[in-house]
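**Q** I'd like to ask you about the structure that follows.
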Number of protein chains: 2
Amino acid sequence: MNENKPITIGVLAKAANVGVETIRFYQRKAIIEQPLKTNGYRHYSNEDIRTVRLVKKLQGVGFSLDEIKELLIFDHCCSESRSVVKQKSLTKIEEIKTQISELQATVEALEVFSNTCGSSEIAETNCHLLDCFENHWQCCSTGNAPNLTGE
Amino acid sequence: MNENKPITIGVLAKAANVGVETIRFYQRKAIIEQPLKTNGYRHYSNEDIRTVRLVKKLQGVGFSLDEIKELLIFDHCCSESRSVVKQKSLTKIEEIKTQISELQATVEALEVFSNTCGSSEIAETNCHLLDCFENHWQCCSTGNAPNLTGE
DNA sequence: CTTGACTCTGTACCTAGGTACGGAGTGTAG
DNA sequence: CTACACTCCGTACCTAGGTACAGAGTCAAG
């Protein structure tokens, strides 16, 4: 084991696949805690590596840094705040589920688009992406979308 | 019908539920086309309302303005570029599907978290969100995550 | 005990996606 | 034909999430 090799900011950055400046930025934003310092140098733990990786993962899935910060704070709170933690998690779960539905509708619209408008055999010039997404993101069908503007 | 009432920038903005400045911004970015002008005033079509709504919808689902611009350009291109359009759509579909999987994994992790760590009966103090997301985002189980840093 | 890689702090700068403002012209109801 | 809402253009400013210095100190191999 290499317990003797300290995890400096550069080591952490490389392990989490981010820039050194990003780590410092996260610290300024209080997303990760200020680590212990020896001779002015930051020394991190393996926990910190896991945390930064988690931050990047959550970010990739659409969480903002503020949301991530909040999640991480939950994680450190003691048992009396469990009901708050639970409620926040459940709210977030609902939000993500909604987002998943919208993404699924987007995939469907794009599939219709590429199977009709994108197909040289089937396509008509009046078949547009716009139509594919309208009518509650459901169809592209004839290529003529109904008038939705109430004209 | 009110064909005689022109769709000015303010009308468009209200219809699409965005600010007037946002419309101007989209035009600067060439996300929507420069409309015809009479006496210096922009006059939009119902198509423009649909387009701006689509832009906001796509944005909400995680598309950047550059991606949206590209999609809208597909939409206006003529038949000889159909294969390109189709390929781009298919690529985008794959990207979105990946994102959906990740979001589903996130939901699972959050559900495990709220059912264990968030539950006052079951929770142990060493049960953390970090653990819930690790091991390929699959479990929180005992509350002690395996060491993933290769130490 | 020097040299080069690494780290420190603070501040400035960058892109994306808007938002606000100033000073001028337009359009329309009374 | 005046008032007021609306629009014009250009430019400046804002937040989020970084990224890049500069000038100084530290660490470790040779």
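Naming works like this for the structure tokens: A, B, ... for the chains as they're shown, residue 1 at the start of each chain, ligands 1 onward in shown order.
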Using only C-alpha atoms (C1' of nucleotides), I'd like a table of the residues in chain C that come within 12 Å of stretch 2-9 of chain D; for each, show the closest atom pair and its distance in Å rounded to one decimal, ordered by chain and ascending number, as CSV.
**A**
```
residue,atom,partner,partner_atom,distance
C:DC21,C1',D:DC9,C1',11.8
C:DG22,C1',D:DC9,C1',10.5
C:DG23,C1',D:DC9,C1',10.0
C:DA24,C1',D:DC8,C1',7.9
C:DG25,C1',D:DC8,C1',7.0
C:DT26,C1',D:DT7,C1',7.3
C:DG27,C1',D:DC6,C1',8.1
C:DT28,C1',D:DA5,C1',9.1
C:DA29,C1',D:DA3,C1',9.3
C:DG30,C1',D:DT2,C1',9.4
```
**Q** Convert the current residue selection to file output with N, CA and C atoms (P, O5', C5', C4', C3', O3' and C1' of nucleotides), as a PDB file, in the first residue's frame.
**A**
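Result written to part_25.pdb:
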```
ATOM      1  P    DC C  21     -32.726  47.779 -16.257  1.00  0.00           P
ATOM      2  O5'  DC C  21     -31.951  48.631 -17.362  1.00  0.00           O
ATOM      3  C5'  DC C  21     -30.517  48.688 -17.345  1.00  0.00           C
ATOM      4  C4'  DC C  21     -30.055  49.690 -18.382  1.00  0.00           C
ATOM      5  C3'  DC C  21     -31.011  50.857 -18.587  1.00  0.00           C
ATOM      6  O3'  DC C  21     -30.250  52.042 -18.756  1.00  0.00           O
ATOM      7  C1'  DC C  21     -30.663  49.749 -20.633  1.00  0.00           C
ATOM      8  P    DG C  22     -30.945  53.488 -18.427  1.00  0.00           P
ATOM      9  O5'  DG C  22     -30.257  54.419 -19.521  1.00  0.00           O
ATOM     10  C5'  DG C  22     -29.015  54.042 -20.134  1.00  0.00           C
ATOM     11  C4'  DG C  22     -28.936  54.622 -21.541  1.00  0.00           C
ATOM     12  C3'  DG C  22     -29.863  55.810 -21.777  1.00  0.00           C
ATOM     13  O3'  DG C  22     -29.178  56.758 -22.592  1.00  0.00           O
ATOM     14  C1'  DG C  22     -30.389  54.084 -23.302  1.00  0.00           C
ATOM     15  P    DG C  23     -29.668  58.305 -22.596  1.00  0.00           P
ATOM     16  O5'  DG C  23     -29.849  58.625 -24.146  1.00  0.00           O
ATOM     17  C5'  DG C  23     -29.080  57.958 -25.150  1.00  0.00           C
ATOM     18  C4'  DG C  23     -29.902  57.842 -26.428  1.00  0.00           C
ATOM     19  C3'  DG C  23     -30.942  58.959 -26.597  1.00  0.00           C
ATOM     20  O3'  DG C  23     -30.964  59.320 -27.977  1.00  0.00           O
ATOM     21  C1'  DG C  23     -31.994  56.890 -26.774  1.00  0.00           C
ATOM     22  P    DA C  24     -31.804  60.642 -28.505  1.00  0.00           P
ATOM     23  O5'  DA C  24     -32.587  60.069 -29.772  1.00  0.00           O
ATOM     24  C5'  DA C  24     -31.884  59.326 -30.778  1.00  0.00           C
ATOM     25  C4'  DA C  24     -32.834  58.323 -31.404  1.00  0.00           C
ATOM     26  C3'  DA C  24     -34.120  58.959 -31.948  1.00  0.00           C
ATOM     27  O3'  DA C  24     -34.126  58.924 -33.379  1.00  0.00           O
ATOM     28  C1'  DA C  24     -34.523  56.887 -30.787  1.00  0.00           C
ATOM     29  P    DG C  25     -35.358  59.706 -34.150  1.00  0.00           P
ATOM     30  O5'  DG C  25     -36.299  58.487 -34.565  1.00  0.00           O
ATOM     31  C5'  DG C  25     -35.799  57.457 -35.400  1.00  0.00           C
ATOM     32  C4'  DG C  25     -36.822  56.317 -35.477  1.00  0.00           C
ATOM     33  C3'  DG C  25     -38.178  56.731 -36.061  1.00  0.00           C
ATOM     34  O3'  DG C  25     -38.600  55.723 -36.980  1.00  0.00           O
ATOM     35  C1'  DG C  25     -38.494  55.716 -33.962  1.00  0.00           C
ATOM     36  P    DT C  26     -39.958  55.870 -37.808  1.00  0.00           P
ATOM     37  O5'  DT C  26     -40.941  54.942 -36.945  1.00  0.00           O
ATOM     38  C5'  DT C  26     -40.797  53.524 -36.978  1.00  0.00           C
ATOM     39  C4'  DT C  26     -42.033  52.876 -36.358  1.00  0.00           C
ATOM     40  C3'  DT C  26     -43.365  53.274 -37.001  1.00  0.00           C
ATOM     41  O3'  DT C  26     -44.152  52.095 -37.050  1.00  0.00           O
ATOM     42  C1'  DT C  26     -43.450  53.705 -34.703  1.00  0.00           C
ATOM     43  P    DG C  27     -45.439  51.916 -37.930  1.00  0.00           P
ATOM     44  O5'  DG C  27     -46.246  50.818 -37.081  1.00  0.00           O
ATOM     45  C5'  DG C  27     -46.168  50.870 -35.681  1.00  0.00           C
ATOM     46  C4'  DG C  27     -47.532  50.770 -35.002  1.00  0.00           C
ATOM     47  C3'  DG C  27     -48.691  51.193 -35.877  1.00  0.00           C
ATOM     48  O3'  DG C  27     -49.818  50.481 -35.405  1.00  0.00           O
ATOM     49  C1'  DG C  27     -48.473  52.729 -34.085  1.00  0.00           C
ATOM     50  P    DT C  28     -51.136  49.993 -35.513  1.00  0.00           P
ATOM     51  O5'  DT C  28     -51.756  50.828 -34.284  1.00  0.00           O
ATOM     52  C5'  DT C  28     -51.836  50.259 -32.983  1.00  0.00           C
ATOM     53  C4'  DT C  28     -52.640  51.202 -32.115  1.00  0.00           C
ATOM     54  C3'  DT C  28     -53.963  51.673 -32.745  1.00  0.00           C
ATOM     55  O3'  DT C  28     -54.893  51.834 -31.695  1.00  0.00           O
ATOM     56  C1'  DT C  28     -52.707  53.521 -32.169  1.00  0.00           C
ATOM     57  P    DA C  29     -56.310  51.047 -31.734  1.00  0.00           P
ATOM     58  O5'  DA C  29     -56.941  51.499 -30.337  1.00  0.00           O
ATOM     59  C5'  DA C  29     -56.109  51.533 -29.163  1.00  0.00           C
ATOM     60  C4'  DA C  29     -56.482  52.711 -28.270  1.00  0.00           C
ATOM     61  C3'  DA C  29     -57.935  53.168 -28.370  1.00  0.00           C
ATOM     62  O3'  DA C  29     -58.387  53.515 -27.058  1.00  0.00           O
ATOM     63  C1'  DA C  29     -56.519  54.966 -28.971  1.00  0.00           C
ATOM     64  P    DG C  30     -59.881  54.003 -26.823  1.00  0.00           P
ATOM     65  O5'  DG C  30     -59.683  55.564 -26.589  1.00  0.00           O
ATOM     66  C5'  DG C  30     -58.848  56.014 -25.522  1.00  0.00           C
ATOM     67  C4'  DG C  30     -58.732  57.535 -25.567  1.00  0.00           C
ATOM     68  C3'  DG C  30     -60.070  58.284 -25.597  1.00  0.00           C
ATOM     69  O3'  DG C  30     -59.957  59.471 -24.800  1.00  0.00           O
ATOM     70  C1'  DG C  30     -58.800  58.897 -27.481  1.00  0.00           C
TER      71       DG C  30
END
```
**Q** Could you give me, as a list in words, the residues within 12 Å of C:DT9, counting only C-alpha atoms (C1' of nucleotides) and dropping anything in the same chain fewer than 4 positions from it?
**A**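 That gives Arg24, Gly40 and Tyr41 of chain A; DA22, DG23, DA24 and DG25 of chain D.
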**Q** Between A:Leu129, A:Ile32, A:Glu94, A:Asn115, single out the one closest to B:Ile68, counting only C-alpha atoms.
**A**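 Of A:Leu129, A:Ile32, A:Glu94, A:Asn115, the one nearest B:Ile68 is A:Leu129, counting only C-alpha atoms.
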**Q** Please return, as a ChimeraX atom specification, all residues of chain D lying within 8 Å of chain A when only C-alpha atoms (C1' of nucleotides) are considered.
**A** /D:18-19,26
**Q** Can those selected residues be exported to a file as a PDB file, in the first residue's frame so that it contains N, CA and C atoms (P, O5', C5', C4', C3', O3' and C1' of nucleotides)?
**A**
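Saved the output as selection.pdb:
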```pdb
ATOM      1  P    DG D  18     -17.913  22.492 -13.632  1.00  0.00           P
ATOM      2  O5'  DG D  18     -16.840  23.350 -12.853  1.00  0.00           O
ATOM      3  C5'  DG D  18     -15.518  23.579 -13.304  1.00  0.00           C
ATOM      4  C4'  DG D  18     -15.447  24.365 -14.593  1.00  0.00           C
ATOM      5  C3'  DG D  18     -14.036  24.452 -15.127  1.00  0.00           C
ATOM      6  O3'  DG D  18     -13.982  23.976 -16.446  1.00  0.00           O
ATOM      7  C1'  DG D  18     -15.043  26.611 -15.025  1.00  0.00           C
ATOM      8  P    DT D  19     -12.618  23.428 -17.075  1.00  0.00           P
ATOM      9  O5'  DT D  19     -11.720  24.737 -17.280  1.00  0.00           O
ATOM     10  C5'  DT D  19     -11.947  25.556 -18.412  1.00  0.00           C
ATOM     11  C4'  DT D  19     -10.848  26.600 -18.495  1.00  0.00           C
ATOM     12  C3'  DT D  19      -9.432  26.079 -18.237  1.00  0.00           C
ATOM     13  O3'  DT D  19      -8.647  26.545 -19.319  1.00  0.00           O
ATOM     14  C1'  DT D  19      -9.864  27.975 -16.903  1.00  0.00           C
ATOM     15  P    DT D  26       7.555  27.493   2.118  1.00  0.00           P
ATOM     16  O5'  DT D  26       7.332  26.205   1.200  1.00  0.00           O
ATOM     17  C5'  DT D  26       6.043  25.567   1.151  1.00  0.00           C
ATOM     18  C4'  DT D  26       6.169  24.224   0.441  1.00  0.00           C
ATOM     19  C3'  DT D  26       7.195  23.258   1.033  1.00  0.00           C
ATOM     20  O3'  DT D  26       6.637  21.964   0.962  1.00  0.00           O
ATOM     21  C1'  DT D  26       7.647  23.580  -1.233  1.00  0.00           C
TER      22       DT D  26
END
```
**Q** Atom CA of B:Ala16 and atom CA of A:Gln104 are how many Å apart?
**A** 22.8 Å
**Q** Could you write out as a PDB file with N, CA and C atoms (P, O5', C5', C4', C3', O3' and C1' of nucleotides), in the first residue's frame the residues of chain C within 10 Å of chain B, counting only C-alpha atoms (C1' of nucleotides)?
**A**
```
ATOM      1  P    DA C  16     -20.009  28.866 -26.504  1.00  0.00           P
ATOM      2  O5'  DA C  16     -21.178  28.732 -25.436  1.00  0.00           O
ATOM      3  C5'  DA C  16     -21.223  27.601 -24.568  1.00  0.00           C
ATOM      4  C4'  DA C  16     -22.474  27.671 -23.722  1.00  0.00           C
ATOM      5  C3'  DA C  16     -23.736  28.070 -24.481  1.00  0.00           C
ATOM      6  O3'  DA C  16     -24.792  27.226 -24.052  1.00  0.00           O
ATOM      7  C1'  DA C  16     -23.352  29.586 -22.685  1.00  0.00           C
ATOM      8  P    DG C  17     -26.142  27.214 -24.856  1.00  0.00           P
ATOM      9  O5'  DG C  17     -27.014  28.312 -24.102  1.00  0.00           O
ATOM     10  C5'  DG C  17     -27.452  28.059 -22.765  1.00  0.00           C
ATOM     11  C4'  DG C  17     -28.084  29.314 -22.215  1.00  0.00           C
ATOM     12  C3'  DG C  17     -29.100  30.009 -23.141  1.00  0.00           C
ATOM     13  O3'  DG C  17     -30.275  30.324 -22.417  1.00  0.00           O
ATOM     14  C1'  DG C  17     -27.586  31.540 -22.324  1.00  0.00           C
ATOM     15  P    DG C  18     -31.649  30.589 -23.201  1.00  0.00           P
ATOM     16  O5'  DG C  18     -31.413  32.012 -23.893  1.00  0.00           O
ATOM     17  C5'  DG C  18     -31.972  33.194 -23.392  1.00  0.00           C
ATOM     18  C4'  DG C  18     -31.382  33.611 -22.063  1.00  0.00           C
ATOM     19  C3'  DG C  18     -32.065  34.846 -21.495  1.00  0.00           C
ATOM     20  O3'  DG C  18     -32.619  34.562 -20.235  1.00  0.00           O
ATOM     21  C1'  DG C  18     -29.699  35.074 -21.473  1.00  0.00           C
ATOM     22  P    DT C  19     -33.811  35.424 -19.654  1.00  0.00           P
ATOM     23  O5'  DT C  19     -33.129  36.822 -19.283  1.00  0.00           O
ATOM     24  C5'  DT C  19     -32.391  36.939 -18.076  1.00  0.00           C
ATOM     25  C4'  DT C  19     -32.056  38.407 -17.853  1.00  0.00           C
ATOM     26  C3'  DT C  19     -33.217  39.376 -18.082  1.00  0.00           C
ATOM     27  O3'  DT C  19     -33.270  40.194 -16.919  1.00  0.00           O
ATOM     28  C1'  DT C  19     -31.318  40.073 -19.287  1.00  0.00           C
ATOM     29  P    DA C  20     -34.267  41.450 -16.844  1.00  0.00           P
ATOM     30  O5'  DA C  20     -33.301  42.680 -17.174  1.00  0.00           O
ATOM     31  C5'  DA C  20     -32.040  42.779 -16.516  1.00  0.00           C
ATOM     32  C4'  DA C  20     -31.442  44.149 -16.812  1.00  0.00           C
ATOM     33  C3'  DA C  20     -32.475  45.256 -16.944  1.00  0.00           C
ATOM     34  O3'  DA C  20     -31.944  46.406 -16.302  1.00  0.00           O
ATOM     35  C1'  DA C  20     -31.199  45.116 -18.940  1.00  0.00           C
ATOM     36  P    DG C  25     -35.358  59.706 -34.150  1.00  0.00           P
ATOM     37  O5'  DG C  25     -36.299  58.487 -34.565  1.00  0.00           O
ATOM     38  C5'  DG C  25     -35.799  57.457 -35.400  1.00  0.00           C
ATOM     39  C4'  DG C  25     -36.822  56.317 -35.477  1.00  0.00           C
ATOM     40  C3'  DG C  25     -38.178  56.731 -36.061  1.00  0.00           C
ATOM     41  O3'  DG C  25     -38.600  55.723 -36.980  1.00  0.00           O
ATOM     42  C1'  DG C  25     -38.494  55.716 -33.962  1.00  0.00           C
ATOM     43  P    DT C  26     -39.958  55.870 -37.808  1.00  0.00           P
ATOM     44  O5'  DT C  26     -40.941  54.942 -36.945  1.00  0.00           O
ATOM     45  C5'  DT C  26     -40.797  53.524 -36.978  1.00  0.00           C
ATOM     46  C4'  DT C  26     -42.033  52.876 -36.358  1.00  0.00           C
ATOM     47  C3'  DT C  26     -43.365  53.274 -37.001  1.00  0.00           C
ATOM     48  O3'  DT C  26     -44.152  52.095 -37.050  1.00  0.00           O
ATOM     49  C1'  DT C  26     -43.450  53.705 -34.703  1.00  0.00           C
TER      50       DT C  26
END
```
**Q** Please compute the atom CA of A:Thr38-atom CA of A:Arg50 distance, one decimal, in Å.
**A**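 The value is 21.8 Å.
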**Q** I need the residue nearest A:Ala105 from this list: B:Leu90, B:Leu58, B:Asn46, B:Ile9. Use only C-alpha atoms for the distance.
**A** B:Leu58
**Q** Atom C1' of C:DT15 and atom CA of B:Ile31 are how many Å apart?
**A**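 Between these atoms lies a distance of 17.3 Å.
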